[in-house]
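J.: Okay, so here is protein.txt, and as you'll see once you scroll down, it has compact mmCIF, C-alpha atoms.
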# COMPACT_ATOMS: atom_id res chain seq x y z
CA MET A 259 -69.79 189.37 93.20
CA GLU A 260 -72.42 187.89 90.86
CA ARG A 261 -74.63 184.81 90.91
CA GLY A 262 -76.54 184.48 87.66
CA ASN A 263 -78.29 187.79 87.07
CA GLY A 264 -78.35 188.80 90.73
CA THR A 265 -75.85 190.43 93.06
CA VAL A 266 -74.71 188.35 96.02
CA VAL A 267 -74.48 190.20 99.34
CA THR A 268 -70.96 189.96 100.77
CA GLU A 269 -71.45 192.33 103.71
CA PHE A 270 -74.17 193.78 105.90
CA ILE A 271 -74.55 197.32 107.21
CA LEU A 272 -75.57 197.47 110.87
CA LEU A 273 -77.88 200.38 111.65
CA GLY A 274 -76.86 200.22 115.30
CA LEU A 275 -78.69 200.54 118.58
CA THR A 276 -79.71 204.19 118.13
CA GLN A 277 -79.04 207.09 115.75
CA SER A 278 -78.90 209.70 118.52
CA PRO A 279 -75.28 210.74 119.34
CA ASP A 280 -76.20 211.57 122.95
CA ALA A 281 -77.94 208.24 123.44
CA GLN A 282 -75.00 206.43 121.82
CA LEU A 283 -72.56 208.10 124.21
CA LEU A 284 -74.71 207.22 127.21
CA VAL A 285 -75.04 203.58 126.16
CA PHE A 286 -71.31 203.39 125.40
CA VAL A 287 -70.38 204.64 128.88
CA LEU A 288 -72.89 202.41 130.66
CA VAL A 289 -71.94 199.26 128.74
CA SER A 290 -68.21 199.98 129.11
CA VAL A 291 -68.45 200.46 132.88
CA PHE A 292 -70.69 197.44 133.24
CA TYR A 293 -68.41 195.32 131.05
CA LEU A 294 -65.21 196.33 132.84
CA VAL A 295 -66.68 195.79 136.30
CA ILE A 296 -68.79 192.64 135.91
CA LEU A 297 -66.56 190.68 133.52
CA PRO A 298 -63.65 190.47 136.03
CA GLY A 299 -66.25 189.34 138.56
CA ASN A 300 -67.13 186.36 136.37
CA ILE A 301 -63.45 185.51 135.96
CA LEU A 302 -63.00 185.75 139.74
CA ILE A 303 -65.89 183.31 140.24
CA ILE A 304 -64.20 180.78 137.93
CA LEU A 305 -60.82 181.17 139.69
CA THR A 306 -62.42 180.89 143.13
CA ILE A 307 -64.24 177.66 142.32
CA LYS A 308 -61.16 176.19 140.66
CA SER A 309 -58.81 177.06 143.53
CA ASP A 310 -60.96 176.02 146.51
CA PRO A 311 -61.24 172.23 147.11
CA GLY A 312 -64.20 172.96 149.37
CA LEU A 313 -66.21 174.05 146.33
CA ALA A 314 -65.99 170.70 144.56
CA ALA A 315 -69.72 169.92 144.76
CA PRO A 316 -71.64 169.63 141.44
CA LEU A 317 -73.51 172.88 142.20
CA TYR A 318 -70.26 174.86 142.15
CA PHE A 319 -68.90 172.88 139.19
CA PHE A 320 -71.91 173.97 137.16
CA LEU A 321 -71.75 177.52 138.54
CA GLY A 322 -68.16 177.80 137.31
CA ASN A 323 -69.25 176.61 133.88
CA LEU A 324 -72.11 179.11 133.90
CA ALA A 325 -69.64 181.93 134.59
CA PHE A 326 -67.42 180.66 131.75
CA LEU A 327 -70.35 180.44 129.32
CA ASP A 328 -71.63 183.89 130.24
CA ALA A 329 -68.19 185.50 130.02
CA SER A 330 -67.66 183.90 126.60
CA TYR A 331 -71.15 184.91 125.48
CA SER A 332 -70.46 188.53 126.41
CA PHE A 333 -67.53 188.64 123.95
CA ILE A 334 -69.72 187.87 120.94
CA VAL A 335 -71.58 191.20 120.71
CA ALA A 336 -70.33 193.78 123.23
CA PRO A 337 -66.75 194.47 122.00
CA ARG A 338 -67.81 195.05 118.39
CA MET A 339 -70.80 197.14 119.51
CA LEU A 340 -68.50 199.42 121.53
CA VAL A 341 -66.14 199.84 118.55
CA ASP A 342 -69.04 200.52 116.19
CA PHE A 343 -70.16 203.47 118.30
CA PHE A 344 -67.19 205.36 116.79
CA SER A 345 -67.71 204.13 113.22
CA GLU A 346 -69.70 206.14 110.72
CA LYS A 347 -70.41 203.05 108.63
CA LYS A 348 -70.93 199.90 110.67
CA VAL A 349 -70.10 197.09 108.26
CA ILE A 350 -69.84 193.37 108.98
CA SER A 351 -68.91 190.81 106.34
CA TYR A 352 -71.30 187.99 105.47
CA ASN A 353 -68.90 185.37 106.89
CA CYS A 354 -68.38 187.32 110.13
CA CYS A 355 -72.12 187.77 110.44
CA ILE A 356 -72.75 184.03 110.13
CA THR A 357 -69.91 183.32 112.58
CA GLN A 358 -71.37 185.77 115.12
CA LEU A 359 -74.79 184.22 114.70
CA PHE A 360 -73.40 180.70 115.17
CA PHE A 361 -71.59 181.46 118.44
CA LEU A 362 -74.52 183.51 119.72
CA HIS A 363 -76.83 180.51 119.48
CA PHE A 364 -74.16 177.93 120.33
CA LEU A 365 -73.31 179.52 123.67
CA GLY A 366 -76.86 180.75 124.30
CA ALA A 367 -78.34 177.27 123.87
CA GLY A 368 -75.50 175.80 125.91
CA GLU A 369 -76.39 178.11 128.79
CA MET A 370 -80.07 177.26 128.44
CA PHE A 371 -79.30 173.54 128.70
CA LEU A 372 -76.93 174.23 131.61
CA LEU A 373 -79.77 175.84 133.56
CA VAL A 374 -81.82 172.69 132.94
CA VAL A 375 -78.93 170.58 134.26
CA MET A 376 -78.62 172.82 137.33
CA ALA A 377 -82.34 172.40 138.01
CA PHE A 378 -81.90 168.62 137.78
CA ASP A 379 -78.97 168.84 140.20
CA ARG A 380 -81.07 170.79 142.72
CA TYR A 381 -83.97 168.35 142.36
CA ILE A 382 -81.74 165.37 143.17
CA ALA A 383 -80.02 167.22 146.04
CA ILE A 384 -83.29 168.28 147.69
CA CYS A 385 -85.74 165.53 146.76
CA ARG A 386 -83.38 162.51 146.57
CA PRO A 387 -80.55 163.39 148.98
CA LEU A 388 -79.62 159.75 149.73
CA HIS A 389 -79.00 159.09 146.05
CA TYR A 390 -77.27 162.40 145.31
CA ALA A 391 -73.65 161.16 145.50
CA THR A 392 -74.43 158.30 143.12
CA VAL A 393 -76.60 160.16 140.64
CA MET A 394 -74.43 163.29 140.47
CA SER A 395 -71.04 161.60 140.41
CA PRO A 396 -68.13 163.38 138.69
CA ARG A 397 -68.53 161.11 135.64
CA VAL A 398 -72.22 162.04 135.34
CA CYS A 399 -71.43 165.75 135.74
CA TYR A 400 -68.89 165.64 132.91
CA ALA A 401 -71.30 163.63 130.76
CA LEU A 402 -74.03 166.23 131.34
CA LEU A 403 -71.56 169.00 130.52
CA LEU A 404 -70.60 167.28 127.26
CA ALA A 405 -74.27 166.75 126.43
CA LEU A 406 -75.15 170.42 126.86
CA TRP A 407 -72.21 171.50 124.67
CA LEU A 408 -73.28 169.05 121.96
CA GLY A 409 -76.87 170.20 122.32
CA GLY A 410 -75.85 173.83 121.90
CA PHE A 411 -73.77 172.94 118.83
CA ALA A 412 -76.61 170.96 117.23
CA HIS A 413 -79.08 173.79 117.85
CA SER A 414 -76.76 176.42 116.40
CA ILE A 415 -75.64 174.44 113.35
CA VAL A 416 -79.29 173.97 112.34
CA GLN A 417 -79.80 177.74 112.50
CA VAL A 418 -76.73 178.40 110.39
CA ALA A 419 -77.56 175.68 107.84
CA LEU A 420 -81.01 177.16 107.25
CA ILE A 421 -79.59 180.66 106.73
CA LEU A 422 -76.77 179.49 104.44
CA ASN A 423 -79.38 178.08 102.06
CA LEU A 424 -81.07 181.48 101.71
CA PRO A 425 -80.17 183.81 98.80
CA PHE A 426 -79.14 187.39 99.72
CA CYS A 427 -79.13 189.84 96.84
CA GLY A 428 -79.95 193.13 98.55
CA PRO A 429 -80.83 195.23 100.49
CA ASN A 430 -78.13 194.56 103.08
CA GLN A 431 -79.05 196.81 106.03
CA LEU A 432 -79.60 195.03 109.34
CA ASP A 433 -81.74 197.06 111.73
CA ASN A 434 -79.78 196.02 114.79
CA PHE A 435 -76.33 196.30 116.39
CA PHE A 436 -75.41 192.64 115.76
CA CYS A 437 -76.36 189.73 113.51
CA ASP A 438 -79.25 187.57 114.63
CA VAL A 439 -81.73 185.28 112.95
CA PRO A 440 -84.83 187.55 112.85
CA GLN A 441 -83.06 190.46 111.12
CA VAL A 442 -80.93 188.37 108.74
CA ILE A 443 -83.84 186.27 107.50
CA LYS A 444 -85.85 189.37 106.58
CA LEU A 445 -83.16 190.35 104.04
CA ALA A 446 -83.37 187.11 102.07
CA CYS A 447 -84.51 187.39 98.44
CA THR A 448 -87.11 184.64 98.70
CA ASP A 449 -90.21 183.62 100.58
CA THR A 450 -89.00 182.79 104.10
CA PHE A 451 -92.27 181.60 105.66
CA VAL A 452 -91.16 177.96 105.96
CA VAL A 453 -87.69 178.94 107.22
CA GLU A 454 -89.19 181.29 109.82
CA LEU A 455 -91.49 178.49 110.96
CA LEU A 456 -88.52 176.16 111.33
CA MET A 457 -86.55 178.82 113.18
CA VAL A 458 -89.40 179.51 115.60
CA SER A 459 -89.73 175.76 116.19
CA ASN A 460 -86.00 175.36 116.72
CA SER A 461 -85.38 178.40 118.93
CA GLY A 462 -88.73 179.63 120.18
CA LEU A 463 -90.49 176.36 120.97
CA LEU A 464 -87.36 174.84 122.52
CA THR A 465 -86.85 177.93 124.69
CA LEU A 466 -90.48 177.99 125.79
CA LEU A 467 -90.55 174.29 126.66
CA CYS A 468 -87.33 174.56 128.69
CA PHE A 469 -88.69 177.63 130.49
CA LEU A 470 -91.98 175.96 131.42
CA GLY A 471 -90.16 172.76 132.40
CA LEU A 472 -87.79 174.68 134.67
CA LEU A 473 -90.63 176.53 136.39
CA ALA A 474 -92.48 173.24 136.91
CA SER A 475 -89.37 171.55 138.34
CA TYR A 476 -88.74 174.35 140.83
CA ALA A 477 -92.41 174.34 141.81
CA VAL A 478 -92.08 170.61 142.59
CA ILE A 479 -88.90 171.24 144.59
CA LEU A 480 -90.49 174.03 146.63
CA CYS A 481 -93.48 171.82 147.39
CA ARG A 482 -91.22 169.00 148.52
CA VAL A 483 -89.21 171.14 150.97
CA LYS A 484 -92.28 172.00 153.04
CA GLY A 485 -91.59 169.06 155.33
CA HIS A 486 -87.90 169.83 155.81
CA SER A 487 -86.37 171.48 158.87
CA SER A 488 -86.50 175.26 159.03
CA GLU A 489 -82.78 175.58 158.23
CA GLY A 490 -82.90 173.14 155.33
CA LYS A 491 -86.09 174.72 154.03
CA SER A 492 -84.60 178.22 154.17
CA ARG A 493 -81.48 177.13 152.31
CA ALA A 494 -83.43 175.25 149.63
CA ILE A 495 -85.81 178.16 149.10
CA SER A 496 -82.90 180.60 148.81
CA THR A 497 -81.16 178.42 146.21
CA CYS A 498 -84.33 177.85 144.20
CA THR A 499 -85.22 181.55 144.31
CA THR A 500 -81.82 182.41 142.87
CA HIS A 501 -82.26 179.85 140.09
CA ILE A 502 -85.74 181.14 139.28
CA ILE A 503 -84.45 184.73 139.00
CA ILE A 504 -81.79 183.58 136.52
CA VAL A 505 -84.38 181.57 134.57
CA PHE A 506 -86.53 184.67 134.09
CA LEU A 507 -83.54 186.84 133.17
CA MET A 508 -82.32 184.28 130.64
CA PHE A 509 -85.55 183.02 129.13
CA GLY A 510 -87.75 186.14 129.28
CA PRO A 511 -85.93 188.08 126.52
CA ALA A 512 -85.31 184.90 124.48
CA ILE A 513 -89.02 184.05 124.49
CA PHE A 514 -89.86 187.62 123.45
CA ILE A 515 -87.40 187.49 120.53
CA TYR A 516 -87.76 183.96 119.18
CA THR A 517 -91.30 182.73 119.89
CA ARG A 518 -93.13 185.18 117.60
CA PRO A 519 -93.12 185.95 113.88
CA PHE A 520 -89.99 187.84 112.84
CA ARG A 521 -91.52 191.31 112.75
CA ALA A 522 -89.89 194.43 114.14
CA PHE A 523 -91.12 195.77 117.48
CA PRO A 524 -89.98 199.03 119.14
CA ALA A 525 -88.60 197.17 122.17
CA ASP A 526 -86.54 194.68 120.13
CA LYS A 527 -83.19 196.49 120.37
CA VAL A 528 -83.50 197.22 124.10
CA VAL A 529 -84.45 193.61 124.84
CA SER A 530 -81.56 192.40 122.65
CA LEU A 531 -79.12 194.67 124.53
CA PHE A 532 -80.10 193.19 127.88
CA HIS A 533 -80.18 189.66 126.44
CA THR A 534 -76.74 189.76 124.82
CA VAL A 535 -74.73 192.14 127.03
CA ILE A 536 -76.27 192.88 130.44
CA PHE A 537 -77.95 189.72 131.73
CA PRO A 538 -75.21 187.21 130.79
CA LEU A 539 -72.66 189.01 132.93
CA LEU A 540 -75.12 189.40 135.80
CA ASN A 541 -76.23 185.77 136.07
CA PRO A 542 -73.18 184.27 137.87
CA VAL A 543 -72.89 187.38 140.05
CA ILE A 544 -76.47 186.92 141.27
CA TYR A 545 -75.69 183.31 142.16
CA THR A 546 -72.54 184.36 144.01
CA LEU A 547 -74.17 187.16 146.01
CA ARG A 548 -76.72 184.68 147.35
CA ASN A 549 -74.23 181.91 148.12
CA GLN A 550 -72.32 182.28 151.37
CA GLU A 551 -69.75 179.54 150.61
CA VAL A 552 -68.65 181.11 147.33
CA LYS A 553 -68.53 184.60 148.84
CA ALA A 554 -66.40 183.42 151.76
CA SER A 555 -64.02 181.57 149.45
CA MET A 556 -63.79 184.57 147.13
CA ILE A 557 -62.92 186.91 150.00
CA LYS A 558 -60.28 184.45 151.20
CA LEU A 559 -58.75 184.25 147.71
CA LEU A 560 -58.67 188.04 147.34
CA SER A 561 -57.15 188.51 150.80
CA GLN A 562 -54.32 186.11 149.94
CA TYR A 563 -53.39 188.14 146.85
CA VAL A 564 -53.73 191.46 148.69
CA ILE A 565 -51.42 190.24 151.45
CA CYS A 566 -48.93 188.98 148.87
Could you show the structure in this file as structure tokens?
T.:
Amino acid sequence: MERGNGTVVTEFILLGLTQSPDAQLLVFVLVSVFYLVILPGNILIILTIKSDPGLAAPLYFFLGNLAFLDASYSFIVAPRMLVDFFSEKKVISYNCCITQLFFLHFLGAGEMFLLVVMAFDRYIAICRPLHYATVMSPRVCYALLLALWLGGFAHSIVQVALILNLPFCGPNQLDNFFCDVPQVIKLACTDTFVVELLMVSNSGLLTLLCFLGLLASYAVILCRVKGHSSEGKSRAISTCTTHIIIVFLMFGPAIFIYTRPFRAFPADKVVSLFHTVIFPLLNPVIYTLRNQEVKASMIKLLSQYVIC
């Protein structure tokens, strides 16, 4: 395919996670086991919250959406990565690469905004309990959910629009196991300084601001619960601790990847593996393991099916 005097890239070659056959086999087994065990757990969380009327509070509504987002996010990279372990030449078309990149940032940003919404929910529940039913009404919850989906779409479409305007005329080897902004931009046949700056502002700065804002909000919440009863304080601290763990798991790798110039670092692929495959599936499970109501409802649901 030609454009003027230059060749237009129609596909990219993925160099993969590692070139070592032994390491590839080990990663394949670990990711497969992890994927087959944790993914059903996320689906069970969604079914439990949907089936139990006692879990109708906004906290569980958002937890169910977090499980849905994370389960969906895990389908973007992991299945193709597992298939590519058995392929000598790992090829992805230009259109598929852009599509993968779009959904990666669409769902990733959606989850980031969802964590912000969940922090807001906890702030109102703990610091403004008398106004909680009014502020976090079902209509408001659905409006916040729509807003985070639209926010994720807007963030992702900007990323894609910037990349679509770049010329790609070779080379076409991506030093990764999936398509992402830092690797794709480096293959463009033009000066990408301005585009990289825009990308860092769009992804990196937004991620960093949300991360710092979340930490500040939970710090305020923890300070406010000092005067609560011992039982209420213990429950609030447990909930906030869980949220903070998820914030670090979600935002730590994203800050490492997107808030610096797009230069290769030895740890990039390992961080990307945890960011795209491992952590997303773990997030709802961590919430569930620290939430007695969800665990009890899940056990009840499973026992009903076992008895049947």
J.: Could you check which residues have any atom within 6 Å of (-76.7, 185.0, 100.2), counting only C-alpha atoms with coordinates taken straight from the file, and then list them as a ChimeraX atom specification?
T.: /A:266-267,424-426
J.: How close does region 374-445 of chain A get to region 337-359 of chain A? List, as a Markdown table, each residue of region 374-445 of chain A within 10 Å, its nearest atom pair and the distance in Å to one decimal, counting all atoms listed in the file.
T.:
| residue | atom | partner | partner_atom | distance |
| --- | --- | --- | --- | --- |
| A:Ser414 | CA | A:Leu359 | CA | 8.2 |
| A:Ile415 | CA | A:Leu359 | CA | 9.9 |
| A:Gln417 | CA | A:Leu359 | CA | 8.5 |
| A:Val418 | CA | A:Ile356 | CA | 6.9 |
| A:Ala419 | CA | A:Ile356 | CA | 9.9 |
| A:Ile421 | CA | A:Ile356 | CA | 8.3 |
| A:Leu422 | CA | A:Ile356 | CA | 8.3 |
| A:Phe426 | CA | A:Tyr352 | CA | 9.7 |
| A:Asn430 | CA | A:Tyr352 | CA | 9.8 |
| A:Gln431 | CA | A:Val349 | CA | 9.2 |
| A:Leu432 | CA | A:Val349 | CA | 9.8 |
| A:Phe435 | CA | A:Met339 | CA | 6.4 |
| A:Phe436 | CA | A:Met339 | CA | 7.5 |
| A:Cys437 | CA | A:Cys355 | CA | 5.6 |
| A:Asp438 | CA | A:Leu359 | CA | 5.6 |
| A:Val439 | CA | A:Leu359 | CA | 7.2 |
| A:Val442 | CA | A:Cys355 | CA | 9.0 |
J.: Out of A:Val291, A:Val505, A:Ile382, A:Leu388, which residue has the shortest atom-to-atom distance to Arg482 (chain A) when counting all atoms listed in the file?
T.: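 Selected residue with least distance to Arg482 (chain A): A:Ile382.
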J.: Rank A:Leu531, A:Leu408, A:Leu480, A:Leu420 by their smallest atom-to-atom distance to Thr450 (chain A), using only C-alpha atoms, and report the top residue only.
T.: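 Counting only C-alpha atoms, the residue closest to Thr450 (chain A) is A:Leu420.
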J.: What does the distance between CA of Leu559 (chain A) and CA of Leu294 (chain A) come to in Å, to one decimal place?
T.: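 CA of Leu294 (chain A) lies at a distance of 20.2 Å from CA of Leu559 (chain A).
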J.: Leu313 (chain A): which residues within 8 Å, counting all atoms listed in the file, same-chain residues fewer than 6 positions away excluded, as a PyMOL selection string?
T.: chain A and resi 307+319+551-552
J.: Keeping only C-alpha atoms, write those residues as a compact mmCIF listing (two decimals), keeping the file's coordinate frame.
T.:
# COMPACT_ATOMS: atom_id res chain seq x y z
CA ILE A 307 -64.24 177.66 142.32
CA PHE A 319 -68.90 172.88 139.19
CA GLU A 551 -69.75 179.54 150.61
CA VAL A 552 -68.65 181.11 147.33
J.: Between A:Leu288, A:Ala554, A:Leu560, A:Val416, which has the minimum distance to Ile536 (chain A) (counting all atoms listed in the file)?
T.: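 Closest to Ile536 (chain A), using all atoms listed in the file: A:Leu288.
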